[in-house]
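The data block below is protein.cif; it holds mmCIF, C-alpha atoms and all ligand atoms.
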data_entry
loop_
_atom_site.label_atom_id
_atom_site.label_comp_id
_atom_site.auth_asym_id
_atom_site.auth_seq_id
_atom_site.Cartn_x
_atom_site.Cartn_y
_atom_site.Cartn_z
CA MET A 1 -13.73 41.26 83.78
CA GLU A 2 -13.91 38.09 85.85
CA ARG A 3 -12.52 39.81 88.92
CA THR A 4 -15.32 42.35 88.93
CA THR A 5 -17.89 39.57 88.82
CA GLU A 6 -16.27 37.75 91.74
CA ALA A 7 -16.13 40.92 93.79
CA GLY A 8 -19.78 41.60 92.96
CA PHE A 9 -19.27 45.31 92.24
CA SER A 10 -17.14 47.28 89.85
CA THR A 11 -16.69 50.81 91.19
CA LEU A 12 -16.68 52.64 94.51
CA SER A 13 -20.00 54.16 93.45
CA ASP A 14 -21.96 50.93 93.07
CA LEU A 15 -20.51 49.14 96.12
CA GLU A 16 -23.05 50.19 98.74
CA GLU A 17 -26.05 49.38 96.57
CA VAL A 18 -24.72 45.96 95.57
CA ALA A 19 -24.03 45.17 99.23
CA SER A 20 -27.50 46.30 100.33
CA LYS A 21 -28.99 43.60 98.13
CA ARG A 22 -26.68 40.83 99.29
CA VAL A 23 -26.55 41.29 103.06
CA LEU A 24 -29.44 39.99 105.20
CA GLU A 25 -31.85 42.73 106.16
CA HIS A 26 -31.31 42.66 109.95
CA VAL A 27 -27.52 42.54 109.51
CA TRP A 28 -27.73 45.44 107.04
CA ALA A 29 -29.64 47.49 109.67
CA TYR A 30 -26.87 46.71 112.16
CA VAL A 31 -24.13 47.75 109.74
CA GLN A 32 -25.78 50.90 108.43
CA GLY A 33 -27.48 52.24 111.52
CA GLY A 34 -26.39 55.24 113.52
CA ALA A 35 -27.56 56.67 116.81
CA GLY A 36 -30.71 58.77 117.25
CA GLU A 37 -31.76 60.71 114.18
CA GLU A 38 -28.46 59.81 112.52
CA ARG A 39 -27.40 63.48 112.37
CA THR A 40 -23.79 62.63 113.19
CA LEU A 41 -23.79 59.73 110.75
CA GLY A 42 -24.87 62.11 107.96
CA ALA A 43 -22.53 64.88 109.11
CA ASN A 44 -19.47 62.63 108.87
CA ARG A 45 -20.07 62.23 105.17
CA SER A 46 -21.24 65.73 104.30
CA ALA A 47 -18.20 67.26 106.04
CA PHE A 48 -16.01 65.93 103.22
CA ARG A 49 -18.14 67.74 100.66
CA GLN A 50 -17.27 71.09 102.25
CA TRP A 51 -13.71 70.90 101.02
CA THR A 52 -12.25 71.29 97.54
CA PHE A 53 -8.70 70.90 96.32
CA ARG A 54 -6.19 73.51 95.23
CA PRO A 55 -4.31 71.46 92.66
CA ARG A 56 -0.83 72.30 91.43
CA THR A 57 -0.11 71.52 87.80
CA LEU A 58 2.90 70.55 85.71
CA VAL A 59 4.50 68.83 88.64
CA ASP A 60 6.45 65.67 87.77
CA VAL A 61 3.97 63.03 88.94
CA SER A 62 5.47 60.13 87.03
CA ARG A 63 6.10 58.37 90.37
CA ILE A 64 3.62 58.43 93.23
CA ASP A 65 4.63 57.07 96.62
CA THR A 66 1.80 56.45 99.12
CA ASN A 67 3.92 54.58 101.71
CA ILE A 68 4.08 55.81 105.28
CA SER A 69 4.92 54.43 108.68
CA LEU A 70 2.29 54.04 111.42
CA LEU A 71 3.67 53.60 114.93
CA GLY A 72 6.88 52.37 113.36
CA THR A 73 5.38 49.92 110.83
CA MET A 74 5.70 50.64 107.11
CA VAL A 75 2.37 50.45 105.28
CA ARG A 76 1.58 50.91 101.63
CA ALA A 77 -1.10 53.56 102.14
CA PRO A 78 -2.17 55.93 104.93
CA LEU A 79 -5.34 53.97 105.67
CA PHE A 80 -6.47 51.14 107.89
CA VAL A 81 -9.51 48.98 108.46
CA SER A 82 -11.32 50.31 111.53
CA PRO A 83 -12.37 47.74 114.13
CA MET A 84 -15.83 46.36 113.49
CA ALA A 85 -17.60 43.64 115.41
CA TYR A 86 -19.26 40.47 114.09
CA GLN A 87 -17.84 40.39 110.56
CA GLY A 88 -18.88 36.75 110.26
CA GLN A 89 -22.50 37.96 110.23
CA VAL A 90 -21.84 39.95 107.09
CA HIS A 91 -20.17 37.05 105.28
CA PRO A 92 -19.21 33.66 106.68
CA VAL A 93 -15.53 34.17 105.76
CA GLY A 94 -15.43 37.04 108.29
CA GLU A 95 -12.32 38.65 109.79
CA PRO A 96 -9.70 36.14 108.56
CA ALA A 97 -10.67 37.02 104.98
CA VAL A 98 -10.42 40.75 105.73
CA ALA A 99 -7.03 40.06 107.32
CA ARG A 100 -5.73 38.29 104.20
CA ALA A 101 -6.98 41.07 101.92
CA ALA A 102 -5.44 43.76 104.14
CA ARG A 103 -2.16 41.84 104.36
CA ASP A 104 -1.93 41.54 100.57
CA ALA A 105 -2.77 45.23 100.14
CA GLY A 106 0.02 46.06 102.61
CA ILE A 107 -2.32 47.98 104.87
CA LEU A 108 -3.11 47.82 108.53
CA ALA A 109 -6.31 46.43 110.01
CA VAL A 110 -7.70 46.64 113.52
CA TYR A 111 -9.84 43.83 114.94
CA SER A 112 -12.61 44.19 117.48
CA THR A 113 -12.93 42.57 120.89
CA LEU A 114 -16.24 41.36 119.45
CA SER A 115 -14.86 39.71 116.31
CA SER A 116 -16.66 36.62 115.01
CA PHE A 117 -13.34 34.73 114.88
CA SER A 118 -10.71 34.61 117.61
CA ILE A 119 -7.74 36.96 117.51
CA GLU A 120 -5.50 33.89 117.06
CA GLU A 121 -7.45 32.76 113.98
CA ILE A 122 -7.38 36.28 112.54
CA THR A 123 -3.63 36.82 112.96
CA ARG A 124 -2.64 33.34 111.75
CA ASN A 125 -1.44 34.53 108.35
CA SER A 126 -0.23 38.03 109.11
CA GLY A 127 2.40 39.36 106.77
CA SER A 128 4.74 42.29 107.21
CA VAL A 129 1.97 44.48 108.66
CA PRO A 130 0.84 42.93 111.95
CA PRO A 131 -2.78 43.68 112.89
CA TRP A 132 -3.86 45.79 115.86
CA PHE A 133 -6.39 44.74 118.48
CA GLN A 134 -9.25 46.94 119.72
CA LEU A 135 -10.32 46.57 123.34
CA TYR A 136 -13.74 47.17 124.79
CA LEU A 137 -13.14 47.29 128.53
CA GLN A 138 -14.79 44.31 130.15
CA PRO A 139 -16.79 44.47 133.40
CA ASP A 140 -14.14 42.18 134.89
CA PHE A 141 -10.64 43.66 134.40
CA GLU A 142 -9.11 40.17 134.37
CA VAL A 143 -11.00 39.46 131.15
CA SER A 144 -9.56 42.64 129.61
CA ARG A 145 -6.10 41.62 130.79
CA ARG A 146 -6.38 38.19 129.21
CA LEU A 147 -7.53 39.71 125.90
CA VAL A 148 -4.55 42.07 125.88
CA GLU A 149 -2.15 39.21 126.63
CA ARG A 150 -3.68 37.06 123.89
CA ALA A 151 -3.47 39.90 121.33
CA GLU A 152 0.19 40.49 122.18
CA LYS A 153 0.98 36.77 121.97
CA ALA A 154 -0.91 36.48 118.66
CA GLY A 155 1.45 39.05 117.13
CA CYS A 156 -0.55 42.29 117.22
CA SER A 157 1.76 45.29 117.17
CA ALA A 158 -0.50 47.86 118.87
CA LEU A 159 -3.67 48.05 120.92
CA MET A 160 -6.60 50.40 120.59
CA LEU A 161 -8.81 51.36 123.52
CA THR A 162 -12.28 52.53 122.50
CA VAL A 163 -13.41 55.25 124.92
CA ASP A 164 -16.67 56.44 123.38
CA THR A 165 -18.75 53.45 124.50
CA PRO A 166 -19.37 53.44 128.27
CA VAL A 167 -22.82 52.29 127.16
CA LEU A 168 -24.13 51.52 123.70
CA GLY A 169 -25.79 54.45 121.89
CA VAL A 170 -29.51 54.43 121.18
CA ARG A 171 -29.79 52.95 117.70
CA ASP A 172 -33.35 52.89 116.50
CA ARG A 173 -32.64 50.79 113.44
CA GLN A 174 -31.47 48.06 115.80
CA ALA A 175 -34.42 48.31 118.15
CA PRO A 176 -35.58 45.09 119.84
CA GLY A 177 -36.66 42.61 117.24
CA GLY A 178 -33.73 43.64 115.06
CA PHE A 179 -30.18 42.34 115.32
CA ALA A 180 -29.91 40.30 118.51
CA ILE A 181 -26.51 41.70 119.39
CA ASP A 182 -26.47 40.91 123.09
CA SER A 183 -27.46 37.31 123.17
CA THR A 184 -27.41 35.11 120.13
CA VAL A 185 -24.35 36.21 118.15
CA PRO A 186 -21.25 34.21 119.05
CA ILE A 187 -18.06 36.11 119.90
CA GLY A 188 -14.88 34.55 118.53
CA ASN A 189 -12.74 35.58 121.49
CA GLY A 190 -14.73 33.45 123.92
CA SER A 191 -17.86 33.28 125.99
CA ASP A 192 -16.35 35.29 128.86
CA VAL A 193 -16.18 38.34 126.57
CA VAL A 194 -19.27 40.57 126.69
CA PRO A 195 -20.43 43.39 124.39
CA PRO A 196 -21.19 46.85 125.77
CA SER A 197 -24.72 46.93 127.09
CA ARG A 198 -27.46 49.05 125.58
CA SER A 199 -29.91 49.00 128.49
CA PRO A 200 -28.99 50.99 131.58
CA MET A 201 -30.95 49.70 134.52
CA GLU A 202 -32.70 52.20 136.77
CA GLN A 203 -32.16 51.62 140.46
CA GLY A 204 -33.44 54.20 142.84
CA LYS A 205 -32.16 57.67 141.88
CA PHE A 206 -29.50 56.48 139.38
CA TYR A 207 -29.32 54.62 136.16
CA ARG A 208 -26.87 51.80 136.76
CA LEU A 209 -24.46 50.98 133.97
CA ARG A 210 -22.03 48.09 134.02
CA SER A 211 -18.89 48.43 136.09
CA GLU A 212 -16.61 49.38 133.16
CA ALA A 213 -18.70 52.55 132.73
CA GLY A 214 -17.05 53.69 135.97
CA SER A 215 -13.61 53.75 134.30
CA THR A 216 -11.68 57.01 134.17
CA TRP A 217 -8.33 57.94 132.63
CA ASP A 218 -6.39 55.94 135.24
CA ILE A 219 -7.50 52.82 133.41
CA LEU A 220 -5.16 53.73 130.57
CA GLU A 221 -2.16 53.65 132.90
CA GLU A 222 -3.33 50.31 134.23
CA LEU A 223 -3.56 49.00 130.67
CA LEU A 224 -0.11 50.37 129.86
CA SER A 225 1.31 48.45 132.79
CA ILE A 226 0.14 45.05 131.53
CA THR A 227 1.69 45.15 128.05
CA ARG A 228 4.72 46.45 126.19
CA LEU A 229 2.58 47.33 123.15
CA PRO A 230 1.65 50.95 122.40
CA TRP A 231 -1.95 52.11 122.99
CA VAL A 232 -4.06 54.12 120.57
CA VAL A 233 -7.09 55.84 122.11
CA LYS A 234 -10.16 55.70 119.84
CA GLY A 235 -13.12 58.04 120.14
CA ILE A 236 -11.47 61.40 120.81
CA LEU A 237 -13.35 64.53 119.64
CA THR A 238 -11.77 67.41 121.57
CA GLY A 239 -8.30 68.85 122.07
CA ASP A 240 -8.76 68.50 125.85
CA ASP A 241 -9.39 64.76 125.70
CA ALA A 242 -6.53 64.34 123.23
CA ARG A 243 -4.13 66.07 125.64
CA THR A 244 -5.41 63.95 128.52
CA ALA A 245 -4.95 60.75 126.53
CA VAL A 246 -1.37 61.69 125.69
CA HIS A 247 -0.69 62.74 129.27
CA HIS A 248 -1.79 59.25 130.37
CA GLY A 249 0.50 57.54 127.88
CA ALA A 250 -1.37 57.14 124.57
CA LYS A 251 0.97 56.87 121.59
CA ALA A 252 -1.73 57.88 119.10
CA VAL A 253 -5.32 59.12 119.12
CA LEU A 254 -8.11 58.28 116.70
CA VAL A 255 -10.60 61.06 116.09
CA SER A 256 -13.80 59.06 115.83
CA ASN A 257 -17.49 59.25 116.72
CA HIS A 258 -17.91 55.51 116.15
CA GLY A 259 -19.34 56.12 112.69
CA GLY A 260 -22.23 58.12 114.20
CA ARG A 261 -23.36 55.10 116.23
CA GLN A 262 -22.88 56.47 119.73
CA LEU A 263 -23.60 60.14 120.53
CA ASP A 264 -25.95 61.68 117.98
CA GLY A 265 -25.02 65.36 117.86
CA ALA A 266 -21.31 64.64 118.17
CA PRO A 267 -19.40 66.64 115.55
CA ALA A 268 -18.38 65.26 112.20
CA THR A 269 -14.91 63.85 112.72
CA LEU A 270 -13.47 66.00 109.94
CA HIS A 271 -14.64 69.09 111.87
CA ALA A 272 -13.14 67.83 115.13
CA LEU A 273 -9.82 66.89 113.54
CA PRO A 274 -8.03 70.28 113.38
CA GLU A 275 -8.59 70.96 117.11
CA VAL A 276 -7.09 67.58 118.00
CA VAL A 277 -4.17 68.03 115.61
CA ASP A 278 -3.45 71.46 117.12
CA ALA A 279 -3.53 69.96 120.62
CA VAL A 280 -1.34 66.87 120.20
CA GLY A 281 -0.32 66.51 116.55
CA SER A 282 3.28 67.44 117.25
CA GLU A 283 3.59 64.76 119.96
CA VAL A 284 1.66 61.72 118.74
CA GLU A 285 0.07 60.34 115.60
CA VAL A 286 -3.50 61.52 114.99
CA TYR A 287 -5.86 59.40 112.91
CA LEU A 288 -9.47 59.92 111.78
CA ASP A 289 -12.35 57.66 110.87
CA GLY A 290 -15.98 58.32 109.94
CA GLY A 291 -17.34 58.89 106.46
CA VAL A 292 -14.19 57.95 104.57
CA ARG A 293 -15.35 56.25 101.38
CA ARG A 294 -12.94 57.16 98.60
CA GLY A 295 -9.30 57.97 97.90
CA LEU A 296 -10.23 61.64 97.63
CA ASP A 297 -11.52 61.60 101.23
CA ILE A 298 -8.18 60.27 102.43
CA LEU A 299 -6.44 63.25 100.84
CA VAL A 300 -8.77 65.77 102.52
CA ALA A 301 -8.28 64.23 105.97
CA LEU A 302 -4.51 64.11 105.51
CA ALA A 303 -4.47 67.72 104.35
CA LEU A 304 -6.28 68.67 107.58
CA GLY A 305 -3.63 66.94 109.67
CA ALA A 306 -4.51 63.25 109.97
CA LYS A 307 -1.57 60.87 109.71
CA ALA A 308 -3.88 58.09 108.45
CA VAL A 309 -7.59 57.34 108.15
CA GLY A 310 -9.72 54.38 109.14
CA VAL A 311 -12.39 52.90 106.91
CA GLY A 312 -15.42 51.28 108.50
CA ARG A 313 -18.65 50.40 106.73
CA PRO A 314 -17.25 50.19 103.16
CA ILE A 315 -15.16 47.21 104.26
CA LEU A 316 -18.33 45.44 105.41
CA TRP A 317 -20.10 46.43 102.18
CA ALA A 318 -17.25 44.91 100.20
CA LEU A 319 -17.24 41.81 102.38
CA GLY A 320 -20.99 41.42 101.96
CA ALA A 321 -20.84 42.04 98.22
CA GLY A 322 -18.02 39.67 97.39
CA GLY A 323 -16.39 38.07 100.42
CA GLU A 324 -12.59 38.19 100.46
CA GLU A 325 -12.47 39.12 96.77
CA GLY A 326 -14.78 42.03 97.47
CA VAL A 327 -12.50 43.42 100.17
CA ARG A 328 -9.46 42.96 97.91
CA ARG A 329 -11.16 44.89 95.16
CA TYR A 330 -12.30 47.68 97.47
CA LEU A 331 -8.80 48.15 98.88
CA ASP A 332 -7.34 48.11 95.36
CA LEU A 333 -9.82 50.75 94.18
CA LEU A 334 -9.20 52.90 97.26
CA LYS A 335 -5.44 52.80 96.87
CA LEU A 336 -5.71 53.42 93.14
CA GLU A 337 -7.97 56.42 93.62
CA LEU A 338 -5.62 57.82 96.26
CA ALA A 339 -2.64 57.58 93.89
CA THR A 340 -4.67 58.96 90.97
CA SER A 341 -5.89 61.88 93.05
CA MET A 342 -2.35 62.65 94.22
CA ALA A 343 -1.24 62.83 90.60
CA LEU A 344 -4.15 65.16 89.79
CA VAL A 345 -3.35 67.55 92.66
CA GLY A 346 0.38 67.49 91.97
CA ARG A 347 1.60 65.76 95.14
CA THR A 348 3.94 62.79 94.80
CA THR A 349 4.44 61.76 98.42
CA ILE A 350 2.22 61.75 101.50
CA ALA A 351 4.57 64.24 103.15
CA GLU A 352 3.62 66.79 100.46
CA VAL A 353 -0.07 66.61 101.42
CA ASP A 354 -0.56 69.59 103.71
CA ARG A 355 -3.10 72.26 104.60
CA SER A 356 -2.34 74.23 101.42
CA LEU A 357 -3.99 71.45 99.41
CA VAL A 358 -7.59 72.17 100.47
CA ALA A 359 -9.99 75.09 100.75
CA LYS A 360 -13.40 75.29 102.37
CA THR A 361 -16.15 75.84 99.86
CA ASP A 362 -19.88 76.27 99.51
CA ILE A 363 -20.35 73.98 96.54
C1 LIG B 1 -21.04 47.42 112.01
C2 LIG B 1 -20.05 48.21 112.82
C3 LIG B 1 -19.46 47.63 113.93
C4 LIG B 1 -18.53 48.35 114.68
N1 LIG B 1 -17.92 47.75 115.74
C5 LIG B 1 -16.97 48.41 116.43
C6 LIG B 1 -16.25 47.77 117.46
O1 LIG B 1 -16.45 46.60 117.74
N2 LIG B 1 -15.32 48.50 118.12
C7 LIG B 1 -15.06 49.82 117.83
O2 LIG B 1 -14.21 50.44 118.46
N3 LIG B 1 -15.72 50.44 116.83
C8 LIG B 1 -16.66 49.77 116.12
N4 LIG B 1 -17.29 50.40 115.08
C9 LIG B 1 -16.91 51.77 114.70
C10 LIG B 1 -15.79 51.75 113.66
O3 LIG B 1 -14.57 51.33 114.22
C11 LIG B 1 -15.54 53.13 113.03
O4 LIG B 1 -15.29 54.06 114.05
C12 LIG B 1 -16.66 53.64 112.14
O5 LIG B 1 -17.30 52.58 111.45
C13 LIG B 1 -16.11 54.63 111.12
O6 LIG B 1 -17.12 55.20 110.37
P1 LIG B 1 -17.54 54.70 108.89
O7 LIG B 1 -18.34 53.46 109.08
O8 LIG B 1 -18.34 55.84 108.38
O9 LIG B 1 -16.28 54.47 108.09
C14 LIG B 1 -18.22 49.68 114.32
C15 LIG B 1 -18.82 50.25 113.20
C16 LIG B 1 -19.72 49.53 112.44
C17 LIG B 1 -20.33 50.16 111.22
#
Output the file's structure in the form of structure tokens.
Amino acid sequence: MERTTEAGFSTLSDLEEVASKRVLEHVWAYVQGGAGEERTLGANRSAFRQWTFRPRTLVDVSRIDTNISLLGTMVRAPLFVSPMAYQGQVHPVGEPAVARAARDAGILAVYSTLSSFSIEEITRNSGSVPPWFQLYLQPDFEVSRRLVERAEKAGCSALMLTVDTPVLGVRDRQAPGGFAIDSTVPIGNGSDVVPPSRSPMEQGKFYRLRSEAGSTWDILEELLSITRLPWVVKGILTGDDARTAVHHGAKAVLVSNHGGRQLDGAPATLHALPEVVDAVGSEVEVYLDGGVRRGLDILVALALGAKAVGVGRPILWALGAGGEEGVRRYLDLLKLELATSMALVGRTTIAEVDRSLVAKTDI
């Protein structure tokens, strides 16, 4: 199995361990770490274990169709690569390699403001599924505006505003002396782009955060006015915020707690999902990320109302384990397990995956 050797791992089960041995220790701490005691990080994963399937049998499953459309673009599976910064730290091939693997898998990928390569380099070989661009608001709105214009010009078909990061969460695994995120790591989109800050400064009675921490929902309307692309709002955990995002013009919301890296004590995204779906699911697309590792997880999230799911860390594990070939293999395995699981639960299209497919359980 030459392919397996190139990818560095052979199954979804051995991926994380293989990656842990290949990625540099301080980068691994950056990838793996969550905020605080990592309660939310753990909860994201354990939430999936609280659901079992209610399979239907002797259904004709000789053809399985996992295609869907996301904001008008046809994709081959209801999953996407969530935006993650600094992929060049995990493997020198970085985001352009992830982009090629995603393109060939026919799935969508979202690229961070803080990518190691520029958005132009990443989108250079886009296929029929144009990437999306994730924006971290910049202290200077003109810098945000230029990023949005560049992403649009580079061929991105949607934009994603991350709203759960007015300041970086407290991540003990990345304490000073660990990954030097603020200073030494180059950002592909240019030296005028700055990462969210982790150190609020105390001045008098108040802790002073950077100016973008003063942003409120009006910023979304301002962002809508500078582009014709649709906006997805990432980092929604309540029905109230989902409704507000839609009221201000969002075309989709992503239920996310940043992979447990921001507010420790935020709910597992799978628990937050039904409330958000009830609030806005009939008006806009609702996605989820956090803890999705396998094809089976995709089915659970879809059954609870997500239109698609984002995958975070496993993409970096695959990149670290085997570069571009690793990401290709991971996406292949994920898609294959999704199709296999659909056959085993007796659902042949994504539209047939509904709430009747899952039950809460104590096992
Ligand atoms: C190493 C790393 C870097 C990330 N960088 C970003 C980022 O630049 N922008 C963003 O919106 N989210 C970022 N995230 C959060 C992811 O988009 C996503 O919400 C999260 O990883 C999903 O959880 P999972 O890792 O359990 O799949 C990052 C996550 C990780 C693990």
Requested in this report: Residues within 6 Å of ligand LIG 1 (chain B), counting all atoms listed in the file: report them as a VMD selection string.
Outcome: chain A and resid 30 to 31 82 to 85 112 114 162 256 258 to 259 289 to 292 311 to 313
Query raised in the report: Can you list, as a PyMOL selection string, every protein, DNA or RNA residue that comes within 8 Å of Leu299 (chain A) when you count only C-alpha atoms, leaving out same-chain residues fewer than 5 positions away?
Result: chain A and resi 338+341-342+353
Skip Arg145 (chain A) itself and residues of its chain fewer than 2 positions away, then list as a PDB file with C-alpha atoms, keeping the file's coordinate frame all residues within 12 Å of it, counting only C-alpha atoms.
ATOM      1  CA  LEU A 135     -10.320  46.570 123.340  1.00  0.00           C
ATOM      2  CA  TYR A 136     -13.740  47.170 124.790  1.00  0.00           C
ATOM      3  CA  LEU A 137     -13.140  47.290 128.530  1.00  0.00           C
ATOM      4  CA  GLN A 138     -14.790  44.310 130.150  1.00  0.00           C
ATOM      5  CA  PRO A 139     -16.790  44.470 133.400  1.00  0.00           C
ATOM      6  CA  ASP A 140     -14.140  42.180 134.890  1.00  0.00           C
ATOM      7  CA  PHE A 141     -10.640  43.660 134.400  1.00  0.00           C
ATOM      8  CA  GLU A 142      -9.110  40.170 134.370  1.00  0.00           C
ATOM      9  CA  VAL A 143     -11.000  39.460 131.150  1.00  0.00           C
ATOM     10  CA  LEU A 147      -7.530  39.710 125.900  1.00  0.00           C
ATOM     11  CA  VAL A 148      -4.550  42.070 125.880  1.00  0.00           C
ATOM     12  CA  GLU A 149      -2.150  39.210 126.630  1.00  0.00           C
ATOM     13  CA  ARG A 150      -3.680  37.060 123.890  1.00  0.00           C
ATOM     14  CA  ALA A 151      -3.470  39.900 121.330  1.00  0.00           C
ATOM     15  CA  GLU A 152       0.190  40.490 122.180  1.00  0.00           C
ATOM     16  CA  VAL A 193     -16.180  38.340 126.570  1.00  0.00           C
ATOM     17  CA  ILE A 219      -7.500  52.820 133.410  1.00  0.00           C
ATOM     18  CA  GLU A 222      -3.330  50.310 134.230  1.00  0.00           C
ATOM     19  CA  LEU A 223      -3.560  49.000 130.670  1.00  0.00           C
ATOM     20  CA  LEU A 224      -0.110  50.370 129.860  1.00  0.00           C
ATOM     21  CA  SER A 225       1.310  48.450 132.790  1.00  0.00           C
ATOM     22  CA  ILE A 226       0.140  45.050 131.530  1.00  0.00           C
ATOM     23  CA  THR A 227       1.690  45.150 128.050  1.00  0.00           C
TER      24      THR A 227
END
Report task. Could you give me, as a PyMOL selection string, the residues within 8 Å of Pro196 (chain A), counting only C-alpha atoms and dropping anything in the same chain fewer than 5 positions from it? Result -> chain A and resi 136+165-168
Query raised in the report: Which polymer residues, protein or nucleic acid, are no farther than 12 Å from (-20.5, 50.4, 91.4), counting all atoms listed in the file, as a PyMOL selection string?
Result: chain A and resi 4-5+7-19+317-318+321+326+329-330+333
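Interatomic distance, CA of Ile298 (chain A) to CA of Ala339 (chain A): 10.5 Å.
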Report task. Record the distance separating CA of Ser69 (chain A) and CA of Leu316 (chain A), expressed in Å with one decimal. Result -> 25.1 Å
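One distance worth recording is that between CA of Leu237 (chain A) and CA of Arg210 (chain A), which is 23.5 Å.
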Query raised in the report: Any idea what's packed within 10 Å of region 334-337 of chain A, counting all atoms listed in the file, ignoring anything in its chain fewer than 6 positions away? Could you give it as a count of residues only?
Result: 17
**Report entry** Close residues, Val185 (chain A) itself excluded, 12 Å, all atoms listed in the file, min 4 positions apart in chain, as an MDAnalysis selection string
**Finding:** chainID A and resid 27 85:90 114:117 179:181 190:191 193:195
Report task. Counting all atoms listed in the file, figure out which residue out of A:Ala303, A:Val163, A:Val284, A:Leu108 gets nearest to Val75 (chain A). Result -> A:Leu108
Requested in this report: Taking the point (0.2, 39.1, 100.6) as given in the file, collect each protein or nucleic acid residue that comes within 10 Å of it, counting only C-alpha atoms, and present the set as a list in words.
Outcome: Ala99, Arg100, Ala101, Ala102, Arg103, Asp104, Ala105, Gly106, Asn125, Ser126, Gly127, Ser128 and Val129 of chain A
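The residue that comes closest to Leu304 (chain A), out of A:Arg39, A:Arg49, A:Arg261, A:Arg355 and on the basis of only C-alpha atoms, is A:Arg355.
Residue nearest Val23 (chain A), chosen from A:Arg54, A:Arg45, A:Lys360, A:His91 and counting only C-alpha atoms: A:His91.
With distances restricted to all atoms listed in the file, A:Leu71 is the closest residue to Val253 (chain A) from A:Ala35, A:Ala359, A:Leu71, A:Leu302.
Nearest to Arg347 (chain A) of all the residues A:Gln50, A:Thr57, A:Asn67, A:Asn44 is A:Thr57, counting all atoms listed in the file.
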Find the axis-aligned box for region 67-73 of chain A, covering all its listed atoms and adding 6 Å on each side, and write its centre and edge lengths in Å to one decimal as JSON.
{"center_x": 4.6, "center_y": 52.9, "center_z": 108.3, "size_x": 16.6, "size_y": 17.9, "size_z": 25.2}
